[in-house]
Structure formats: structure tokens, C-alpha cells
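Beneath this line is the structure, given in C-alpha cells, with notes to follow.
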Amino acid sequence: MSADFAERRVKMVDGQIRTTDVTSAPLLDAMLVVPREAFVAPVQRDLAYIDEDIRIANGADGPRYLMEPSPLAKLMQLAEIDPGDSALDVGCSVEKVPASLLDQLAEGGRLVAVEGQGNSGVARLFLKTGGVVTGRGAFNAAIKPLPGFERIRAFEF
């Protein structure tokens with residue numbers, strides 16, 4: 001089946017992203033040109049613009065997904081990425097951001113992630129200022145977890 005992916009990108013941006021408070025013009029422009037179909041297997045390309053997570057791999061530690069467009073765009077907007085910034089996309093879905101990732105932030109660095117599972121997930125922004133990392137919740141998000149970042153269970157009061 002031949003697909004007009006450019007038209008699908010426009011429909012995704014207009015119907016899934018703009019309607020969820022994503023207002024950053026550079027981000028919207030990027031979402032209009034980055035081909036989501038390039039990040040899925042050829043047999044999944046017709047699904048690249050649906051409003052759902054798409055399973056893209058099955059690893060030994062669990063499945064991996066391409067995040068649905070809206071929460072991905074909201075996370076990128078929250079990060080406030082500027083043209084001169086360096087960015088690393090580790091994967092946005094974790095039960096708890098490990099200290100080892102927060103320790104790698106440069107001064108003034110930002111990290112965005114969804115912490116929690118299922119409908120209890122909260123998008124959080126972490127910022128390193130004066131050598132101290134602080135975080136705040138920004139919006140609720142239910143996304144698939146990233147395998148290997150499960151919280152280590154410990155006895156808690």
C-alpha cells in the first residue's frame with residue numbers, strides 16, 4: 001500500500017499534537033518533517049502516525065516501543081531544547097529516574113522523563129543548577145515503560 005506520509009504527518013500534528021497544548025513553533029515544524037515511518041519496521045510504516053505506542057522491538061528484558069506522538073512532543077517541549085543544545089534521548093519511560101542519569105547532567109542541564117507506571121505516570125523536568133538537581137512534575141502521561149529501568153524494590157516505611 002502506497003502511503004502519503006507527509007500528509008499523515010500534517011494530520012498527526014494538527015489532530016494529535018496541537019490539540020494537547022504543544023505550541024512551540026520549532027517543535028511543530030520538526031514534527032512535520034521528521035519521518036516517523038523511518039523508526040519502525042517496513043511492515044509497520046502504515047501505523048507510524050497512529051495515536052498509540054508502537055512495539056518496535058522484543059528484547060531479552062522486554063518489549064520496546066515508539067512513543068505515541070502527543071506525549072513525545074509534550075516531553076520535548078518541556079525540555080525546551082534550543083538549536084545550540086546537546087541532547088541525548090535515552091528513552092522516556094522509566095519507573096524512577098536513576099541517580100546515575102541525574103549525576104551525568106551538566107550544569108544547567110535538563111532531563112525529562114515520565115516516572116511511574118500506567119495511568120499513574122507523571123512527566124517530570126529535572127534541572128541541575130549550582131550542582132544540585134531538582135525536579136518538578138509537569139503533566140500526567142501513560143506510556144509504555146522502558147525495560148531495564150525498573151525501580152529496585154526495597155523495604156520502605
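In the C-alpha cells, chains take the letters A, B, ... in the order shown, each chain's residues start at 1, and ligands count up from 1 in the order shown.
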Using only C-alpha atoms, what table do you get, as a Markdown table, when you list each residue of stretch 54-82 of chain A with an atom no more than 10 Å from stretch 114-132 of chain A, its nearest pair of atoms, and their distance in Å rounded to one decimal, rows by chain then rising number?
```
| residue | atom | partner | partner_atom | distance |
| --- | --- | --- | --- | --- |
| A:Pro71 | CA | A:Ala123 | CA | 8.8 |
| A:Lys74 | CA | A:Ala123 | CA | 8.9 |
| A:Leu75 | CA | A:Ala123 | CA | 7.2 |
| A:Leu78 | CA | A:Leu125 | CA | 7.0 |
| A:Ala79 | CA | A:Leu125 | CA | 7.1 |
```
Review point. Can you tell me how far atom CA of A:Glu52 sits from atom CA of A:Ile17, in Å to one decimal?
Key: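 Atom CA of A:Glu52 sits 12.6 Å away from atom CA of A:Ile17.
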Practice item. Pick out the closest residue to A:Asp46 from this set: A:Arg8, A:Thr20, A:Leu28, A:Met76. Count only C-alpha atoms. Key: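 Of A:Arg8, A:Thr20, A:Leu28, A:Met76, the one nearest A:Asp46 is A:Arg8, counting only C-alpha atoms.
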Practice item. From a DSSP pass on the backbone, collect the residues of chain A flagged as strand (DSSP E) and hand them back as a ChimeraX atom specification. Key: /A:54-59,62-66,93-94,110-115,122-129,132-140
